[in-house]
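Step one of this worksheet: look at the structure below.
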Amino acid sequence: MRDSLPIKNSSRYNSWPLGQLPIEFQRREPELIRNDGYIWDDPRDIVDLFESKLAKFANSKYAIVTDCASHAIFLSLKYRKATGPIVIPANTYASIPMQIIHAGAIPVFEDIRWSGVYELSPWKIIDSAARFTRDMYLDRESLQILSFQIKKRLPIGRGGAILTDSLEAYEWFKLAIYDGRDLKSPYDHPDHVKTIGWHFYMTPEDAARGIWLMDRIPEINPDTMDWSHYPDLRQWKPFRK
């Protein structure tokens, strides 16, 4: 029997799908994992199942899934209240300095040779978009970012995650990714929206695909990329000083 959720929410949102989409037009992944033995009542339970599975696999206490890794980076910077210069490799994906700028900080490019992971220094945010292997969580005080883009080891197609050991961070991110909404309370409750958040949540269908793939790919994997796979961003017009 696969993992099931230990706690059931007492109050749910509306039934799913809201439009009663005919079954032949629905994505198959939720039923595929049900056939594999996973137990869920509401499709949003699938997201919680995927997060629990990721945390156990990575050896972190918590995992929070997002719609993409770039948004996971951005939210981590906002949670840390990052300001000022942030050191990153000059050879990395262009979205990383963009998220730093969007968050109100300043990217500083340095010649750093990396494989799989590197830090957004000094904020203990680790970009590990190019790594997916068992026990990959590196630092108990860090926020570690994963990517599920189609070329990654867990190729959901789109999606990301934040690994953390902090309950405070977990609770903040769970509100932040879904418009500040507390999904354990009724939608019409006056305290349903706890804070101003962002629309960065992962869909249950993508989470189900992540679960299905995790049960079928190797647990130990080499890194997919390193510094040599990327151009020097200092040569690109938006990042020139």
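Residues in the structure tokens are named by chain (A, B, ... in the order shown) and by number from 1 within that chain; ligands are numbered from 1 in the order shown.
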Check your understanding: Which parts of range 8-227 of chain A does DSSP call alpha helix (DSSP H) when run on the backbone here, written out as a ChimeraX atom specification?
Key -> /A:29-35,44-58,69-80,95-102,167-176,204-214
Nearby residues (only C-alpha atoms) at most 8 Å from Asp232 in chain A, same-chain spacing under 5 positions excluded, as an mmCIF file with N, CA and C atoms, in the first residue's frame:
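For reference, selection_3.cif as written:
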data_model
loop_
_atom_site.group_PDB
_atom_site.id
_atom_site.type_symbol
_atom_site.label_atom_id
_atom_site.label_comp_id
_atom_site.auth_asym_id
_atom_site.auth_seq_id
_atom_site.Cartn_x
_atom_site.Cartn_y
_atom_site.Cartn_z
ATOM 1 N N ALA A 90 28.227 33.226 -13.002
ATOM 2 C CA ALA A 90 28.001 33.930 -14.267
ATOM 3 C C ALA A 90 27.398 33.004 -15.308
ATOM 4 N N ASN A 91 27.696 31.705 -15.183
ATOM 5 C CA ASN A 91 27.185 30.705 -16.117
ATOM 6 C C ASN A 91 26.041 29.949 -15.471
ATOM 7 N N THR A 92 24.827 30.425 -15.705
ATOM 8 C CA THR A 92 23.631 29.780 -15.186
ATOM 9 C C THR A 92 22.458 30.175 -16.067
#
Exercise for review: Return the single residue from A:Val108, A:Ala58, A:Cys68, A:Ala94 that is closest to Ile150 in chain A, with distances computed using only C-alpha atoms.
Suggested key: A:Cys68
Practice item. Find the spatial neighbours of range 236-240 of chain A, counting only C-alpha atoms, within a cut-off of 10 Å - ignore same-chain residues fewer than 5 positions away - and output them as a PyMOL selection string. Key: chain A and resi 94+97-98+107-109+231
Since we have the selection now, will you write its residues out, keeping C-alpha atoms, as an mmCIF file, in the first residue's frame?
data_model
loop_
_atom_site.group_PDB
_atom_site.id
_atom_site.type_symbol
_atom_site.label_atom_id
_atom_site.label_comp_id
_atom_site.auth_asym_id
_atom_site.auth_seq_id
_atom_site.Cartn_x
_atom_site.Cartn_y
_atom_site.Cartn_z
ATOM 1 C CA ALA A 94 18.898 33.567 -17.292
ATOM 2 C CA PRO A 97 19.250 36.848 -12.021
ATOM 3 C CA MET A 98 15.835 37.958 -13.262
ATOM 4 C CA PRO A 107 22.624 39.864 -8.998
ATOM 5 C CA VAL A 108 26.418 39.775 -8.816
ATOM 6 C CA PHE A 109 28.052 37.402 -11.288
ATOM 7 C CA PRO A 231 26.764 31.038 -21.549
#
Exercise for review: Using only C-alpha atoms, determine which residues lie at most 9 Å from Ala63 in chain A, disregarding the query and same-chain residues fewer than 2 positions distant; provide the list as a list in words.
Suggested key: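 Here the qualifying residues turn out to be Phe50, Glu51, Ser52, Lys53, Leu54, Ala55, Lys56, Ala58, Ser60, Lys61, Val65, Ala161, Ile162, Leu163, Thr164, Asp165 and Tyr170 of chain A.
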Study note, to complete from the structure: Judged by only C-alpha atoms, the minimum distance to Phe57 in chain A among A:Lys151, A:Arg134, A:Arg28, A:Arg113 is found for A:Arg134
Listing only residues of range 101-162 of chain A within 9 Å of range 197-220 of chain A, what is the closest atom pair and its distance in Å (to one decimal) for each, using only C-alpha atoms, sorted by chain and residue number ascending, as a Markdown table?
| residue | atom | partner | partner_atom | distance |
| --- | --- | --- | --- | --- |
| A:Phe132 | CA | A:Ile220 | CA | 7.8 |
| A:Thr133 | CA | A:Ile220 | CA | 4.8 |
| A:Arg134 | CA | A:Glu219 | CA | 5.6 |
| A:Phe148 | CA | A:Gly210 | CA | 8.3 |
| A:Arg153 | CA | A:Ile217 | CA | 8.2 |
| A:Leu154 | CA | A:Leu213 | CA | 6.8 |
| A:Pro155 | CA | A:Gly210 | CA | 7.9 |
| A:Ile156 | CA | A:Gly210 | CA | 5.8 |
| A:Gly157 | CA | A:Asp206 | CA | 8.3 |
| A:Arg158 | CA | A:Asp206 | CA | 7.9 |
| A:Gly159 | CA | A:Met202 | CA | 6.7 |
| A:Gly160 | CA | A:Met202 | CA | 8.2 |
Print the selection's residues with N, CA and C atoms to a file, as a compact mmCIF listing (two decimals), in the first residue's frame.
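out.txt, freshly written:
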# COMPACT_ATOMS: atom_id res chain seq x y z
N PHE A 132 18.60 15.69 -9.07
CA PHE A 132 17.47 14.97 -8.49
C PHE A 132 17.95 13.56 -8.18
N THR A 133 18.26 13.34 -6.90
CA THR A 133 18.77 12.05 -6.46
C THR A 133 18.43 11.88 -4.98
N ARG A 134 18.38 10.66 -4.52
CA ARG A 134 17.98 10.41 -3.13
C ARG A 134 18.92 11.13 -2.16
N PHE A 148 11.27 20.56 -12.26
CA PHE A 148 10.69 19.40 -12.93
C PHE A 148 10.41 19.70 -14.40
N ARG A 153 15.52 15.34 -14.39
CA ARG A 153 15.42 13.92 -14.03
C ARG A 153 13.99 13.50 -13.72
N LEU A 154 13.20 14.43 -13.18
CA LEU A 154 11.77 14.17 -12.93
C LEU A 154 11.00 15.05 -13.92
N PRO A 155 10.80 14.58 -15.15
CA PRO A 155 10.29 15.44 -16.22
C PRO A 155 8.77 15.56 -16.25
N ILE A 156 8.24 16.23 -15.25
CA ILE A 156 6.79 16.48 -15.24
C ILE A 156 6.41 17.32 -16.45
N GLY A 157 7.30 18.22 -16.84
CA GLY A 157 7.03 19.14 -17.94
C GLY A 157 7.11 20.57 -17.46
N ARG A 158 6.58 20.80 -16.27
CA ARG A 158 6.63 22.10 -15.62
C ARG A 158 6.47 21.88 -14.13
N GLY A 159 7.12 22.70 -13.33
CA GLY A 159 6.96 22.58 -11.89
C GLY A 159 8.28 22.74 -11.17
N GLY A 160 8.18 23.01 -9.89
CA GLY A 160 9.35 23.14 -9.03
C GLY A 160 8.98 22.80 -7.61
Study note, to complete from the structure: Between CA of Glu171 in chain A and CA of Ile100 in chain A lies a distance of 22.5 Å
